[in-house]
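Student: Take a look at the following structure, please.
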Amino acid sequence: MDLSELRIFSAVVREGGVTRAAERLHRVQSNVTTRIRQLEDDLGTALFIRESKRLHLTPSGQVLLGYADRLLALAEEARDSVHDPRPRGVLRLGAMESTAAVRLPEALNEFHRLYPDVALELRIGNPEILARGILAGELDAAFVAEPIPDAPFEKVHAFSEEPVIVSAPGHPPIAKRGAPRCVLVFENGCPHRKRLERWYAKRGEIPERTIELGSYHAMLGCVAAGMGIALLPESVLATFPESRRLTIHRLPSGENRSETVLIWRKGAGSPNIRALQQVLDHARPGSKRGRKARSLKRPAA
């Protein structure tokens, strides 16, 4: 049973016979008759009572007609949706924790205001996990820190960050003494952990202890207590109530910039992703449209 058979069946019922159904569908009568018989054979039941040249629905035909109408309407809706340029449906989005905590609340709030027909789902993870999620079809797009492979993804710039090293108050300038012995980091795959590991390697040193934690606030609390140092985007400090108890150590030029990009699988762009790009573009500081971000209007339905 396929949609073309259901369409023929529905036409025969609506037009009151094979002849008119064939004319409406631009088919020969024998083809319509054959397809109806194939549908009956497939279902294992008669759909029509044949009296001379007239056809009457059997009880089974009455049942099928209701399903046929619903299936054909759903197929038409699906066809329209595929070609609908309006953002709608579900947008499965991934982000690093720092991006989700600091950069996304305002952007996603604006996105929801402009595109209320899109349901947002958010997953937190490191770039490696999020990239795998996109390639596995589990995510539509994700915010990740560079570098990210070019081959499987399309990407656009989203945010610029300044990574800094933070320590307990009164810690001597890190550049003027040996690297701290204990570091507080996220799991393997975290781009800030990789940057800190490269920072140590460049100086020919290795931390004596590495403590993995699951959130920035826990990490910053431990830093403030003097357990060790951490490297993270400076923007995260604005979310930490005790940030005044931290000392910031800035990285040298060339090591003090991190780019966050929005990525999605090549060839898998969608109205939802394009809408998100537009929101990011309007919100980007320094852009002409960024200065007019507040003037964005909800699009007409």
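Following the order of the structure tokens, first chain is A, next is B, and so on, with residues numbered from 1 inside each chain and ligands from 1 in the order they appear.
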Listing only residues of segment 118-141 of chain A within 8 Å of segment 242-265 of chain A, what is the closest atom pair and its distance in Å (to one decimal) for each, using only C-alpha atoms, sorted by chain and residue number ascending, as a tab-separated table?
Tutor:
```
residue	atom	partner	partner_atom	distance
A:Ile134	CA	A:Arg265	CA	6.5
A:Leu135	CA	A:Arg265	CA	6.7
A:Asp140	CA	A:Trp264	CA	6.2
A:Ala141	CA	A:Trp264	CA	4.5
```
Student: Give me, please, the distance in Å between atom CA of Val102 of chain A and atom CA of Glu187 of chain A, quoted to one decimal.
Tutor: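 Interatomic distance, atom CA of Val102 of chain A to atom CA of Glu187 of chain A: 19.7 Å.
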Student: Check the smallest atom-to-atom distance from each of A:Leu184, A:Ala168, A:Leu139, A:Leu3 to Arg70 of chain A using only C-alpha atoms, then report the winner.
Tutor: A:Leu3
Student: Do a neighbour search on Cys222 of chain A at 12 Å with only C-alpha atoms, toss out local chain neighbours closer than 2 positions, and write the hits as a list in words.
Tutor: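 Within the cut-off, the hits are Val166, Ser167, Ala168, Cys182, Val183, Leu184, Val185, Ile211, Glu212, Leu213, Gly214, Ser215, Tyr216, His217, Ala218, Met219, Leu220, Ala224, Ala225, Gly226, Met227, Gly228, Ile229, Ala230, Glu242, Ser243, Arg245 and Leu246 of chain A.
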Student: DSSP on the backbone: which residues in segment 89-216 of chain A end up as alpha helix (DSSP H)? Give the answer as a ChimeraX atom specification.
Tutor: /A:97-98,104-114,127-135,191-202,216
Student: Go ahead and write the residues just picked, N, CA and C atoms, as a compact mmCIF listing (two decimals), in the first residue's frame.
Tutor:
```txt
# COMPACT_ATOMS: atom_id res chain seq x y z
N GLU A 97 29.86 24.66 27.84
CA GLU A 97 29.21 25.21 29.04
C GLU A 97 29.42 26.71 29.15
N SER A 98 30.64 27.19 28.86
CA SER A 98 30.91 28.62 28.99
C SER A 98 30.06 29.42 28.03
N LEU A 104 24.83 32.65 25.30
CA LEU A 104 23.58 32.25 24.65
C LEU A 104 22.29 32.80 25.26
N PRO A 105 22.22 33.08 26.55
CA PRO A 105 20.91 33.49 27.08
C PRO A 105 20.26 34.64 26.31
N GLU A 106 20.99 35.70 26.06
CA GLU A 106 20.41 36.84 25.34
C GLU A 106 20.08 36.49 23.90
N ALA A 107 21.01 35.77 23.23
CA ALA A 107 20.80 35.42 21.83
C ALA A 107 19.61 34.48 21.66
N LEU A 108 19.50 33.48 22.53
CA LEU A 108 18.40 32.52 22.40
C LEU A 108 17.07 33.14 22.81
N ASN A 109 17.11 34.07 23.75
CA ASN A 109 15.89 34.79 24.11
C ASN A 109 15.38 35.60 22.91
N GLU A 110 16.30 36.25 22.19
CA GLU A 110 15.92 37.00 21.00
C GLU A 110 15.42 36.06 19.90
N PHE A 111 16.08 34.92 19.75
CA PHE A 111 15.66 33.93 18.76
C PHE A 111 14.24 33.46 19.06
N HIS A 112 13.96 33.16 20.32
CA HIS A 112 12.62 32.68 20.69
C HIS A 112 11.57 33.76 20.44
N ARG A 113 11.93 35.01 20.69
CA ARG A 113 10.99 36.11 20.46
C ARG A 113 10.65 36.24 18.97
N LEU A 114 11.66 36.10 18.14
CA LEU A 114 11.46 36.27 16.70
C LEU A 114 10.84 35.04 16.04
N PRO A 127 33.76 20.37 22.39
CA PRO A 127 33.66 20.38 20.93
C PRO A 127 33.71 19.00 20.28
N GLU A 128 34.52 18.10 20.82
CA GLU A 128 34.61 16.76 20.22
C GLU A 128 33.28 16.02 20.32
N ILE A 129 32.66 16.08 21.48
CA ILE A 129 31.37 15.41 21.68
C ILE A 129 30.30 16.04 20.80
N LEU A 130 30.28 17.37 20.73
CA LEU A 130 29.26 18.06 19.95
C LEU A 130 29.43 17.80 18.46
N ALA A 131 30.68 17.78 17.99
CA ALA A 131 30.93 17.50 16.57
C ALA A 131 30.46 16.10 16.21
N ARG A 132 30.73 15.14 17.10
CA ARG A 132 30.26 13.77 16.85
C ARG A 132 28.74 13.72 16.84
N GLY A 133 28.10 14.52 17.71
CA GLY A 133 26.64 14.55 17.75
C GLY A 133 26.05 15.06 16.44
N ILE A 134 26.68 16.05 15.84
CA ILE A 134 26.20 16.56 14.55
C ILE A 134 26.34 15.49 13.47
N LEU A 135 27.51 14.85 13.40
CA LEU A 135 27.75 13.85 12.37
C LEU A 135 26.86 12.62 12.55
N PRO A 191 38.39 22.59 25.14
CA PRO A 191 39.39 23.41 24.45
C PRO A 191 40.22 24.26 25.41
N HIS A 192 39.65 24.66 26.54
CA HIS A 192 40.40 25.47 27.50
C HIS A 192 41.43 24.61 28.23
N ARG A 193 41.09 23.37 28.47
CA ARG A 193 42.08 22.44 29.05
C ARG A 193 43.24 22.24 28.08
N LYS A 194 42.92 22.06 26.80
CA LYS A 194 43.98 21.88 25.80
C LYS A 194 44.88 23.11 25.74
N ARG A 195 44.27 24.29 25.81
CA ARG A 195 45.06 25.52 25.76
C ARG A 195 46.00 25.61 26.98
N LEU A 196 45.49 25.24 28.15
CA LEU A 196 46.32 25.28 29.35
C LEU A 196 47.46 24.26 29.26
N GLU A 197 47.15 23.07 28.73
CA GLU A 197 48.18 22.06 28.57
C GLU A 197 49.26 22.54 27.60
N ARG A 198 48.85 23.22 26.53
CA ARG A 198 49.84 23.77 25.59
C ARG A 198 50.66 24.86 26.26
N TRP A 199 50.03 25.65 27.12
CA TRP A 199 50.73 26.72 27.84
C TRP A 199 51.85 26.13 28.70
N TYR A 200 51.55 25.04 29.40
CA TYR A 200 52.58 24.37 30.20
C TYR A 200 53.66 23.77 29.32
N ALA A 201 53.25 23.08 28.23
CA ALA A 201 54.22 22.42 27.36
C ALA A 201 55.18 23.42 26.73
N LYS A 202 54.66 24.59 26.37
CA LYS A 202 55.50 25.61 25.76
C LYS A 202 56.59 26.06 26.73
N TYR A 216 31.97 25.44 35.93
CA TYR A 216 32.85 26.59 36.10
C TYR A 216 32.75 27.17 37.50
```
Student: Considering only C-alpha atoms, state which residue in the set A:Ala151, A:Val63, A:Val236, A:Leu55 is at the smallest distance from Glu15 of chain A.
Tutor: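 Going through A:Ala151, A:Val63, A:Val236, A:Leu55 one by one, the smallest distance to Glu15 of chain A is for A:Leu55.
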Student: Counting only C-alpha atoms, which residue out of A:Glu121, A:Glu138, A:Glu76, A:Asp69 sits closest to Leu91 of chain A?
Tutor: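 So, comparing all the options, the nearest one is A:Glu121.
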Student: Please provide the set of residues having any atom within 6 Å of Asn126 of chain A, restricted to only C-alpha atoms, with same-chain residues fewer than 3 positions apart removed, written as JSON, numbers by chain.
Tutor: {"A": [96, 129, 189, 190]}
Student: Restrict the selected residues to all heavy atoms and save them as a JSON list (two decimals), in the first residue's frame.
Tutor:
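Okay, this is what ended up in selection05.json:
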```
[["chain", "number", "residue", "atom", "x", "y", "z"],
["A", 96, "MET", "N", 29.23, 24.58, 24.29],
["A", 96, "MET", "CA", 30.11, 24.41, 25.44],
["A", 96, "MET", "C", 29.47, 25.09, 26.65],
["A", 96, "MET", "O", 28.66, 26.00, 26.50],
["A", 96, "MET", "CB", 31.48, 25.02, 25.14],
["A", 96, "MET", "CG", 32.17, 24.43, 23.92],
["A", 96, "MET", "SD", 33.73, 25.27, 23.54],
["A", 96, "MET", "CE", 33.15, 26.92, 23.14],
["A", 129, "ILE", "N", 32.66, 16.08, 21.48],
["A", 129, "ILE", "CA", 31.37, 15.41, 21.68],
["A", 129, "ILE", "C", 30.30, 16.04, 20.80],
["A", 129, "ILE", "O", 29.49, 15.35, 20.17],
["A", 129, "ILE", "CB", 30.97, 15.48, 23.17],
["A", 129, "ILE", "CG1", 31.89, 14.60, 24.00],
["A", 129, "ILE", "CG2", 29.51, 15.07, 23.36],
["A", 129, "ILE", "CD1", 31.65, 14.70, 25.50],
["A", 189, "GLY", "N", 39.11, 16.88, 26.07],
["A", 189, "GLY", "CA", 38.31, 17.38, 24.95],
["A", 189, "GLY", "C", 37.92, 18.83, 25.13],
["A", 189, "GLY", "O", 37.53, 19.48, 24.17],
["A", 190, "CYS", "N", 38.02, 19.34, 26.37],
["A", 190, "CYS", "CA", 37.70, 20.74, 26.62],
["A", 190, "CYS", "C", 38.77, 21.62, 25.97],
["A", 190, "CYS", "O", 39.97, 21.41, 26.21],
["A", 190, "CYS", "CB", 37.64, 21.01, 28.12],
["A", 190, "CYS", "SG", 37.56, 22.77, 28.54]]
```
Student: Residues of segment 141-186 of chain A in strand (DSSP E) according to DSSP, as a PyMOL selection string?
Tutor: chain A and resi 141-145+153-161+163-167+182-185
Student: Just the residues within 12 Å of Ala158 of chain A, please, counting only C-alpha atoms, with nothing from its chain fewer than 3 positions along; format it as a count of residues only.
Tutor: 28
Student: Have a look at atom CA of Phe48 of chain A and atom CA of Ala78 of chain A and let me know their distance in Å, one decimal.
Tutor: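 Computing it gives 29.5 Å between the two atoms.
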Student: Find, counting only C-alpha atoms, the residue in A:Ile124, A:Ala119, A:Pro180, A:Ser30 that gets nearest to Glu208 of chain A.
Tutor: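 Counting only C-alpha atoms, the residue closest to Glu208 of chain A is A:Pro180.
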